[in-house]
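A.B. asks: Provided herewith: structure-v6.txt, compact mmCIF, C-alpha atoms.
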# COMPACT_ATOMS: atom_id res chain seq x y z
CA MET W 1 -17.67 -0.74 -9.32
CA GLN W 2 -20.81 -1.20 -7.27
CA ALA W 3 -20.81 -0.04 -3.66
CA ASN W 4 -21.67 -3.53 -2.47
CA ARG W 5 -18.55 -4.89 -4.18
CA ILE W 6 -16.38 -2.44 -2.26
CA MET W 7 -18.13 -3.42 0.97
CA GLU W 8 -17.45 -7.09 0.25
CA VAL W 9 -13.77 -6.37 -0.25
CA LEU W 10 -13.75 -4.22 2.88
CA GLY W 11 -14.93 -7.32 4.76
CA VAL W 12 -11.98 -9.25 3.34
CA ALA W 13 -9.51 -6.65 4.64
CA GLU W 14 -11.19 -6.73 8.05
CA LEU W 15 -10.85 -10.51 8.35
CA ALA W 16 -7.18 -10.35 7.34
CA ALA W 17 -6.53 -7.65 9.94
CA ILE W 18 -8.29 -9.63 12.66
CA ALA W 19 -6.23 -12.73 11.85
CA ALA W 20 -2.97 -10.78 11.86
CA ALA W 21 -3.82 -8.99 15.09
CA GLU W 22 -3.75 -12.29 16.94
CA TRP W 23 0.02 -12.03 16.47
CA ASN W 24 0.42 -8.41 17.60
CA GLY W 25 3.48 -8.13 19.82
CA ARG W 26 4.37 -11.83 19.63
CA GLY W 27 7.59 -11.25 17.69
CA ASP W 28 6.74 -13.60 14.80
CA LYS W 29 6.24 -11.63 11.61
CA VAL W 30 6.12 -14.77 9.45
CA ALA W 31 3.21 -16.23 11.40
CA ALA W 32 1.40 -12.89 11.37
CA ASP W 33 1.77 -12.53 7.60
CA GLN W 34 0.69 -16.13 7.01
CA ALA W 35 -2.40 -15.66 9.16
CA ALA W 36 -3.41 -12.51 7.27
CA THR W 37 -2.74 -14.09 3.87
CA THR W 38 -4.73 -17.24 4.65
CA ALA W 39 -7.70 -15.29 6.00
CA MET W 40 -7.67 -12.93 3.01
CA ARG W 41 -7.56 -15.69 0.44
CA GLU W 42 -10.33 -17.69 2.10
CA ALA W 43 -12.54 -14.59 2.25
CA PHE W 44 -11.92 -13.70 -1.41
CA ASN W 45 -13.00 -17.18 -2.42
CA GLU W 46 -16.41 -16.63 -0.81
CA ILE W 47 -17.23 -13.67 -3.12
CA ASP W 48 -19.20 -13.96 -6.36
CA PHE W 49 -16.64 -12.36 -8.64
CA SER W 50 -13.71 -13.31 -10.86
CA GLY W 51 -10.75 -11.72 -9.16
CA ARG W 52 -7.22 -11.81 -10.52
CA ILE W 53 -4.25 -11.10 -8.23
CA VAL W 54 -1.97 -8.73 -10.12
CA ILE W 55 0.03 -7.78 -7.03
CA GLY W 56 0.36 -10.29 -4.24
CA GLU W 57 2.73 -12.34 -2.15
CA GLY W 58 5.13 -13.04 -5.01
CA GLU W 59 5.47 -15.14 -8.14
CA ARG W 60 3.61 -18.45 -8.34
CA ASP W 61 6.74 -20.50 -7.57
CA GLU W 62 7.48 -18.35 -4.50
CA ALA W 63 4.06 -17.98 -2.85
CA PRO W 64 1.57 -20.74 -2.00
CA MET W 65 -1.41 -18.37 -2.02
CA LEU W 66 -2.35 -14.90 -3.29
CA TYR W 67 0.46 -15.27 -5.82
CA ILE W 68 0.64 -13.02 -8.87
CA GLY W 69 -1.81 -14.31 -11.48
CA GLU W 70 -3.91 -16.38 -9.06
CA GLU W 71 -7.64 -16.37 -9.72
CA VAL W 72 -9.91 -16.00 -6.69
CA GLY W 73 -13.66 -15.83 -6.17
CA ARG W 74 -16.64 -17.93 -7.25
CA GLY W 75 -17.09 -16.30 -10.65
CA GLY W 76 -18.70 -13.12 -11.92
CA GLU W 77 -17.46 -9.55 -12.44
CA GLU W 78 -13.84 -9.51 -13.60
CA ILE W 79 -11.59 -7.32 -11.48
CA ASP W 80 -7.91 -6.84 -10.78
CA ILE W 81 -6.75 -7.08 -7.19
CA ALA W 82 -3.58 -5.79 -5.54
CA VAL W 83 -2.94 -6.93 -1.99
CA ASP W 84 -0.54 -6.63 0.86
CA PRO W 85 -2.29 -8.78 3.47
CA LEU W 86 -0.07 -7.39 6.22
CA GLU W 87 1.74 -4.16 5.43
CA GLY W 88 4.31 -3.68 8.15
CA THR W 89 4.93 -7.26 9.27
CA ASN W 90 7.55 -6.10 11.78
CA LEU W 91 5.19 -3.39 13.00
CA CYS W 92 2.65 -6.09 13.83
CA ALA W 93 5.20 -8.47 15.32
CA TYR W 94 6.47 -5.81 17.72
CA ASN W 95 3.12 -4.04 18.20
CA ARG W 96 4.21 -0.75 16.64
CA ALA W 97 1.99 1.81 14.95
CA ASN W 98 0.61 1.77 11.41
CA SER W 99 0.45 -1.93 10.53
CA ILE W 100 -2.46 -2.41 8.12
CA ALA W 101 -4.13 -4.95 5.84
CA THR W 102 -4.43 -3.42 2.37
CA ILE W 103 -6.31 -4.13 -0.84
CA ALA W 104 -6.74 -2.19 -4.10
CA ILE W 105 -9.35 -3.16 -6.70
CA ALA W 106 -10.11 -1.98 -10.23
CA PRO W 107 -11.66 -3.34 -13.45
CA ARG W 108 -9.73 -6.10 -15.22
CA GLY W 109 -6.63 -4.69 -16.91
CA ALA W 110 -6.56 -1.42 -14.95
CA LEU W 111 -3.82 -2.17 -12.41
CA LEU W 112 -0.21 -2.52 -13.50
CA PHE W 113 1.20 -6.02 -13.26
CA ALA W 114 4.04 -4.63 -11.16
CA PRO W 115 7.10 -6.86 -10.93
CA ASP W 116 8.04 -7.98 -7.44
CA THR W 117 11.10 -5.78 -7.29
CA TYR W 118 12.10 -2.32 -6.06
CA MET W 119 10.71 1.02 -7.15
CA TRP W 120 11.94 4.56 -6.55
CA LYS W 121 8.97 6.59 -5.35
CA ILE W 122 7.86 10.13 -4.75
CA ALA W 123 4.51 11.01 -3.19
CA ALA W 124 2.85 14.19 -1.97
CA ALA W 125 -0.54 15.83 -1.58
CA THR W 126 0.03 17.87 -4.76
CA ASP W 127 2.15 17.70 -7.91
CA CYS W 128 2.99 21.39 -7.46
CA ASN W 129 1.71 22.18 -10.98
CA GLY W 130 4.19 19.76 -12.49
CA GLY W 131 7.02 20.77 -10.17
CA LEU W 132 7.47 17.32 -8.66
CA SER W 133 9.15 14.50 -10.55
CA ILE W 134 10.95 11.26 -9.81
CA ALA W 135 13.65 12.60 -12.16
CA ASN W 136 14.33 15.69 -10.02
CA THR W 137 16.92 15.96 -7.28
CA PRO W 138 15.62 15.86 -3.70
CA ALA W 139 16.40 19.57 -3.40
CA GLN W 140 14.36 20.43 -6.49
CA ASN W 141 11.36 18.49 -5.22
CA ILE W 142 11.57 19.87 -1.69
CA ASN W 143 11.87 23.46 -2.92
CA ALA W 144 8.93 23.03 -5.31
CA LEU W 145 6.75 21.58 -2.56
CA ALA W 146 7.73 24.25 -0.06
CA GLU W 147 6.71 26.95 -2.54
CA ALA W 148 3.41 25.23 -3.36
CA LEU W 149 2.52 24.77 0.30
CA GLY W 150 3.65 28.24 1.30
CA LYS W 151 6.02 26.84 3.91
CA PRO W 152 9.75 27.38 4.49
CA VAL W 153 11.92 24.45 3.48
CA SER W 154 12.85 24.01 7.15
CA GLU W 155 9.23 23.04 7.87
CA ILE W 156 8.94 20.42 5.12
CA ASN W 157 8.85 16.91 6.63
CA VAL W 158 10.16 14.14 4.37
CA CYS W 159 9.34 10.50 5.10
CA ILE W 160 12.03 7.93 4.20
CA LEU W 161 12.36 4.22 4.91
CA THR W 162 15.28 3.38 7.19
CA ARG W 163 17.52 1.46 4.81
CA ASP W 164 21.27 1.51 4.13
CA ARG W 165 20.59 2.26 0.47
CA HIS W 166 19.04 5.59 1.48
CA ALA W 167 22.17 6.99 3.14
CA ASP W 168 22.93 9.37 0.26
CA LEU W 169 19.27 10.38 -0.11
CA ILE W 170 19.08 11.25 3.59
CA LYS W 171 22.28 13.27 3.27
CA GLN W 172 20.87 15.25 0.33
CA VAL W 173 17.61 15.96 2.14
CA ARG W 174 19.44 17.13 5.26
CA GLU W 175 21.52 19.51 3.14
CA THR W 176 18.33 21.31 2.07
CA GLY W 177 17.42 22.02 5.70
CA ALA W 178 14.21 19.97 5.53
CA ARG W 179 13.14 17.66 8.34
CA ILE W 180 13.22 13.87 8.00
CA ARG W 181 10.93 11.28 9.53
CA THR W 182 12.34 7.79 9.11
CA ILE W 183 10.13 4.71 9.28
CA ASP W 184 11.20 1.11 9.72
CA ASP W 185 8.40 -0.39 7.59
CA GLY W 186 5.15 0.47 5.89
CA ASP W 187 5.74 2.68 2.87
CA VAL W 188 2.14 2.31 1.63
CA HIS W 189 1.14 4.26 4.72
CA GLY W 190 4.14 6.56 4.33
CA CYS W 191 3.13 7.54 0.80
CA ILE W 192 -0.59 7.99 1.49
CA ALA W 193 0.11 9.90 4.71
CA THR W 194 1.48 12.78 2.63
CA ALA W 195 -2.09 13.61 1.62
CA VAL W 196 -3.71 12.94 5.00
CA PRO W 197 -4.02 15.95 7.34
CA GLY W 198 -2.53 15.53 10.77
CA THR W 199 0.19 13.01 9.94
CA GLY W 200 2.89 15.68 9.72
CA ILE W 201 4.33 14.12 6.54
CA ASP W 202 4.65 16.38 3.50
CA LEU W 203 6.73 14.33 1.08
CA TYR W 204 7.72 10.70 0.62
CA LEU W 205 11.01 9.85 -1.10
CA GLY W 206 12.99 6.67 -1.55
CA SER W 207 12.81 3.11 -2.77
CA GLY W 208 10.59 0.28 -1.66
CA GLY W 209 8.60 -2.53 -3.17
CA SER W 210 6.94 -1.77 -6.51
CA PRO W 211 3.78 -3.71 -5.50
CA GLU W 212 3.38 -1.34 -2.56
CA GLY W 213 3.80 1.51 -5.02
CA VAL W 214 0.70 0.49 -6.96
CA LEU W 215 -1.30 0.14 -3.72
CA ALA W 216 -0.23 3.60 -2.55
CA CYS W 217 -0.90 5.10 -5.98
CA THR W 218 -4.48 3.78 -5.93
CA GLY W 219 -5.16 5.50 -2.61
CA LEU W 220 -3.54 8.76 -3.67
CA LYS W 221 -5.45 8.76 -6.96
CA ALA W 222 -8.68 8.55 -5.00
CA ILE W 223 -7.88 11.42 -2.65
CA GLY W 224 -6.22 13.67 -5.21
CA GLY W 225 -2.58 13.26 -4.26
CA PHE W 226 0.52 12.80 -6.39
CA PHE W 227 2.61 9.68 -6.98
CA GLU W 228 5.31 8.78 -9.44
CA GLY W 229 7.62 5.79 -9.56
CA LYS W 230 10.52 4.25 -11.44
CA LEU W 231 11.40 0.59 -11.36
CA ALA W 232 14.77 -0.10 -9.74
CA PHE W 233 15.94 -3.53 -10.82
CA GLU W 234 19.51 -2.51 -9.97
CA LEU W 235 18.68 -2.67 -6.26
CA ASP W 236 17.54 -6.30 -6.47
CA LYS W 237 20.02 -9.19 -6.46
CA HIS W 238 17.58 -11.00 -8.77
CA GLY W 239 17.01 -7.87 -10.84
CA ALA W 240 17.92 -9.34 -14.23
CA GLU W 241 15.56 -12.29 -13.78
CA LYS W 242 12.73 -10.07 -12.54
CA ARG W 243 13.24 -7.64 -15.40
CA GLU W 244 12.87 -10.52 -17.86
CA ARG W 245 9.57 -11.50 -16.20
CA ALA W 246 8.37 -7.91 -16.19
CA GLU W 247 9.03 -7.52 -19.91
CA LYS W 248 6.40 -10.22 -20.50
CA THR W 249 3.66 -8.73 -18.34
CA ALA W 250 4.15 -5.08 -17.38
CA GLU W 251 3.29 -3.45 -20.76
CA VAL W 252 5.17 -0.26 -19.86
CA ASP W 253 8.61 1.19 -20.55
CA LEU W 254 10.56 -0.38 -17.69
CA ASP W 255 13.13 2.43 -17.68
CA ALA W 256 10.73 5.39 -17.77
CA PRO W 257 8.99 7.24 -14.96
CA LEU W 258 5.64 5.67 -14.15
CA THR W 259 2.81 8.14 -13.68
CA MET W 260 -0.35 7.58 -11.68
CA ASP W 261 -2.35 6.89 -14.85
CA MET W 262 0.19 4.27 -15.92
CA LEU W 263 0.06 2.46 -12.59
CA VAL W 264 -3.72 2.73 -12.19
CA ARG W 265 -5.40 3.02 -15.59
CA SER W 266 -8.95 3.72 -14.42
CA ASP W 267 -10.78 6.11 -12.14
CA ASP W 268 -13.02 3.22 -11.16
CA ALA W 269 -10.58 2.05 -8.51
CA ALA W 270 -10.64 1.79 -4.75
CA PHE W 271 -8.07 1.40 -1.97
CA ILE W 272 -8.96 -0.16 1.36
CA ALA W 273 -6.85 -0.35 4.51
CA CYS W 274 -7.90 -1.93 7.79
CA GLY W 275 -5.87 -1.22 10.90
CA VAL W 276 -4.02 -4.09 12.57
CA THR W 277 -2.22 -1.93 15.11
CA ASP W 278 -3.22 1.59 16.12
CA GLY W 279 -2.02 4.19 13.63
CA GLU W 280 -2.37 7.71 12.34
CA MET W 281 -5.10 6.90 9.82
CA VAL W 282 -6.98 4.07 11.49
CA ARG W 283 -7.08 2.32 14.84
CA GLY W 284 -6.08 -1.29 15.20
CA VAL W 285 -8.14 -4.35 16.07
CA SER W 286 -9.55 -4.31 19.58
CA HIS W 287 -11.45 -6.81 21.71
CA GLU W 288 -14.01 -5.45 24.15
CA GLY W 289 -16.95 -7.12 25.85
CA GLY W 290 -16.59 -10.27 23.78
CA SER W 291 -16.74 -8.30 20.50
CA ILE W 292 -14.10 -7.50 17.89
CA SER W 293 -13.80 -3.94 16.57
CA THR W 294 -12.00 -2.87 13.41
CA GLU W 295 -11.46 0.50 11.79
CA SER W 296 -10.85 0.92 8.07
CA VAL W 297 -10.45 3.64 5.47
CA VAL W 298 -11.99 3.31 2.00
CA MET W 299 -10.62 5.61 -0.71
CA ASN W 300 -12.78 5.50 -3.83
CA ALA W 301 -11.47 7.17 -6.97
CA ALA W 302 -14.80 6.68 -8.78
CA ASP W 303 -16.74 9.10 -6.59
CA ARG W 304 -13.70 10.86 -5.07
CA THR W 305 -14.64 10.00 -1.52
CA VAL W 306 -12.88 8.82 1.61
CA ARG W 307 -14.93 6.88 4.14
CA PHE W 308 -13.90 5.67 7.57
CA VAL W 309 -15.69 2.50 8.60
CA ARG W 310 -15.86 1.11 12.12
CA THR W 311 -17.14 -2.45 12.28
CA ILE W 312 -18.01 -4.36 15.44
CA ARG W 313 -18.41 -8.13 15.29
CA ARG W 314 -20.33 -9.58 18.17
CA GLY W 315 -18.80 -12.68 19.71
CA ALA W 316 -20.72 -15.88 20.43
CA SER W 317 -21.35 -14.93 24.05
CA GLY W 318 -20.52 -11.23 24.05
CA THR W 319 -22.42 -8.00 23.51
CA ILE W 320 -21.71 -5.12 21.19
CA ARG W 321 -20.38 -2.01 22.90
CA PHE W 322 -20.17 1.25 20.93
Mind turning the file's structure into structure tokens?

C.D. replies:
Amino acid sequence: MQANRIMEVLGVAELAAIAAAEWNGRGDKVAADQAATTAMREAFNEIDFSGRIVIGEGERDEAPMLYIGEEVGRGGEEIDIAVDPLEGTNLCAYNRANSIATIAIAPRGALLFAPDTYMWKIAAATDCNGGLSIANTPAQNINALAEALGKPVSEINVCILTRDRHADLIKQVRETGARIRTIDDGDVHGCIATAVPGTGIDLYLGSGGSPEGVLACTGLKAIGGFFEGKLAFELDKHGAEKRERAEKTAEVDLDAPLTMDMLVRSDDAAFIACGVTDGEMVRGVSHEGGSISTESVVMNAADRTVRFVRTIRRGASGTIRF
């Protein structure tokens, strides 16, 4: 993908983040998500490309915009798009850290049409020479990672979403002696943070949305991390119906572990995240001197680079301060 295409999509993420940030701390996650989704869709439709939403706000009958299968753009290069316009809706609503607007892009057919259901996930900075697997017990994965990193198990920090369904997982991790960092929302960030120095997160375990799994996998593929998933229809009250839909579109074994190359089938892929609230990877939207500042991270698997981009938009009557 051309660099200018990535920059265009970066601009889309920035506009979504700016729209969502208007709702920071206002306690209305629905309004924040709607603002981000509307801004993102409008911006996509101003680009000269043929974009297809493979991961979005839900099925067509559930989402009015950015639904799975929606075509966006004014025509041109065919690409697949995965989006979470506002990852961490509660984080935005209550002005907590690490809320981001996220987009992944790749050539048409490269991103898995992930069903809108749950996925068991494991992520880390390294696969430990094959030692990590979604099929392993938590203890096996933690011990393999501790050996690969040259750290005692007691210093391994495992990130897990705070959910009732993770009670047994948390118990098993505690029995190993490893540390646990629980998060209320935002498992795209939680997964990618395993490969980002300074976050203090070594391993991500647990279940979350499968769309977020593809987004996180794209970022980790770019920076050389490890991700593996397994669809978990049994956790979804509509699991049987969603499995039937997935059998028509996913083109993978729905009961098998999903590797990085199954989720993202091209090295010509990029992950973009723009901060809505301040976080460990990027700062949130800020307003100074009549200008609007955003900070984003661009992870490009094609050239194996990570770029941090700070953008300042001058207001109608303001000046740019930097």

A.B. asks: Taking into account only C-alpha atoms, which residue in the set W:Thr182, W:Ser296, W:Thr194, W:Thr37 is nearest to W:Leu145?

C.D. replies: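 Checking each candidate against W:Leu145, we get W:Thr194 as the closest.
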
A.B. asks: To one decimal place in Å, what is the distance between atom CA of W:Leu205 and atom CA of W:Ser133?

C.D. replies: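 Going from atom CA of W:Leu205 over to atom CA of W:Ser133 covers 10.7 Å.
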
A.B. asks: List the neighbours of W:Gly58 out to 12 Å using only C-alpha atoms; skip same-chain residues closer than 3 positions along the sequence, and give me the result as a PyMOL selection string.

C.D. replies: chain W and resi 37+53-55+61-70+82-84+113-117+209-211+242

A.B. asks: Selected residues, C-alpha atoms, written as a short mmCIF file (atom, residue, chain, number, x, y, z; two decimals), in the frame of the given file, please.

C.D. replies:
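And here's selection.cif as it stands now:
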data_model
loop_
_atom_site.label_atom_id
_atom_site.label_comp_id
_atom_site.auth_asym_id
_atom_site.auth_seq_id
_atom_site.Cartn_x
_atom_site.Cartn_y
_atom_site.Cartn_z
CA THR W 37 -2.74 -14.09 3.87
CA ILE W 53 -4.25 -11.10 -8.23
CA VAL W 54 -1.97 -8.73 -10.12
CA ILE W 55 0.03 -7.78 -7.03
CA ASP W 61 6.74 -20.50 -7.57
CA GLU W 62 7.48 -18.35 -4.50
CA ALA W 63 4.06 -17.98 -2.85
CA PRO W 64 1.57 -20.74 -2.00
CA MET W 65 -1.41 -18.37 -2.02
CA LEU W 66 -2.35 -14.90 -3.29
CA TYR W 67 0.46 -15.27 -5.82
CA ILE W 68 0.64 -13.02 -8.87
CA GLY W 69 -1.81 -14.31 -11.48
CA GLU W 70 -3.91 -16.38 -9.06
CA ALA W 82 -3.58 -5.79 -5.54
CA VAL W 83 -2.94 -6.93 -1.99
CA ASP W 84 -0.54 -6.63 0.86
CA PHE W 113 1.20 -6.02 -13.26
CA ALA W 114 4.04 -4.63 -11.16
CA PRO W 115 7.10 -6.86 -10.93
CA ASP W 116 8.04 -7.98 -7.44
CA THR W 117 11.10 -5.78 -7.29
CA GLY W 209 8.60 -2.53 -3.17
CA SER W 210 6.94 -1.77 -6.51
CA PRO W 211 3.78 -3.71 -5.50
CA LYS W 242 12.73 -10.07 -12.54
#

A.B. asks: Between W:Ala106, W:Tyr118, W:Tyr204, W:Cys92, which is the closest to W:Gln2 once you count all atoms listed in the file?

C.D. replies: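 Checking each candidate against W:Gln2, we get W:Ala106 as the closest.
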
A.B. asks: What are the closest atom pairs, with distances in Å to one decimal, for all residues of stretch 203-234 of chain W lying within 7 Å of stretch 246-265 of chain W? Consider only C-alpha atoms, order rows by chain and residue number, and present the result as a Markdown table.

C.D. replies:
| residue | atom | partner | partner_atom | distance |
| --- | --- | --- | --- | --- |
| W:Val214 | CA | W:Leu263 | CA | 6.0 |
| W:Cys217 | CA | W:Met260 | CA | 6.2 |
| W:Thr218 | CA | W:Val264 | CA | 6.4 |
| W:Phe227 | CA | W:Met260 | CA | 5.9 |
| W:Glu228 | CA | W:Thr259 | CA | 5.0 |
| W:Gly229 | CA | W:Leu258 | CA | 5.0 |
| W:Lys230 | CA | W:Pro257 | CA | 4.9 |
| W:Leu231 | CA | W:Leu254 | CA | 6.5 |

A.B. asks: Just write the chosen residues, C-alpha atoms, as a short mmCIF file (atom, residue, chain, number, x, y, z; two decimals), keeping the file's coordinate frame.

C.D. replies:
data_model
loop_
_atom_site.label_atom_id
_atom_site.label_comp_id
_atom_site.auth_asym_id
_atom_site.auth_seq_id
_atom_site.Cartn_x
_atom_site.Cartn_y
_atom_site.Cartn_z
CA VAL W 214 0.70 0.49 -6.96
CA CYS W 217 -0.90 5.10 -5.98
CA THR W 218 -4.48 3.78 -5.93
CA PHE W 227 2.61 9.68 -6.98
CA GLU W 228 5.31 8.78 -9.44
CA GLY W 229 7.62 5.79 -9.56
CA LYS W 230 10.52 4.25 -11.44
CA LEU W 231 11.40 0.59 -11.36
#

A.B. asks: Quick one: residues within 6 Å of stretch 153-158 of chain W, all atoms listed in the file counted, chain neighbours fewer than 3 positions away excluded, as a PyMOL selection string?

C.D. replies: chain W and resi 146+177-181+201-204

A.B. asks: Excluding W:Ser207 and its own-chain neighbours fewer than 2 positions away, which residues fall within 6 Å of it when counting all atoms listed in the file? Please give them as a PyMOL selection string.

C.D. replies: chain W and resi 119-121

A.B. asks: May I have the centre and edge lengths, in Å to one decimal, of an axis-aligned box around the listed atoms of stretch 129-139 of chain W with 4 Å added to every side, as JSON?

C.D. replies:
{"center_x": 9.3, "center_y": 16.7, "center_z": -7.9, "size_x": 23.2, "size_y": 18.9, "size_z": 17.1}

A.B. asks: With a distance cut-off of 8 Å and only C-alpha atoms, select the neighbouring residues of W:Thr89, excluding the residue or stretch itself and same-chain residues fewer than 4 positions from it, and output the selection as a ChimeraX atom specification.

C.D. replies: /W:29-30,32-33,93,99,185

A.B. asks: Nearest to W:Leu161: which of W:Ala135, W:Ala148, W:Val188, W:Arg313 is it, counting only C-alpha atoms?

C.D. replies: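 Under the stated criterion, the closest residue is W:Val188.
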
A.B. asks: Could you please determine the separation between atom CA of W:Ile292 and atom CA of W:Glu14 in Å, to one decimal place?

C.D. replies: 10.3 Å

A.B. asks: Go through W:Ala19, W:Leu235, W:Ile105, W:Leu132 one by one, measure the shortest atom-to-atom distance of each to W:Met299 using only C-alpha atoms, and give the residue with the smallest value.

C.D. replies: W:Ile105

A.B. asks: Report, in Å to a single decimal, how far apart atom CA of W:Phe271 and atom CA of W:Leu215 are.

C.D. replies: 7.1 Å

A.B. asks: Would you please work out which residue, of W:Ile160, W:Leu169, W:Ile79, W:Leu112, is nearest to W:Ala139 when using only C-alpha atoms?

C.D. replies: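 Comparing W:Ile160, W:Leu169, W:Ile79, W:Leu112 against W:Ala139, the winner is W:Leu169.
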
A.B. asks: W:Asn143, W:Gly290, W:Ala273, W:Leu111: which is nearest W:Arg310, counting all atoms listed in the file?

C.D. replies: W:Ala273
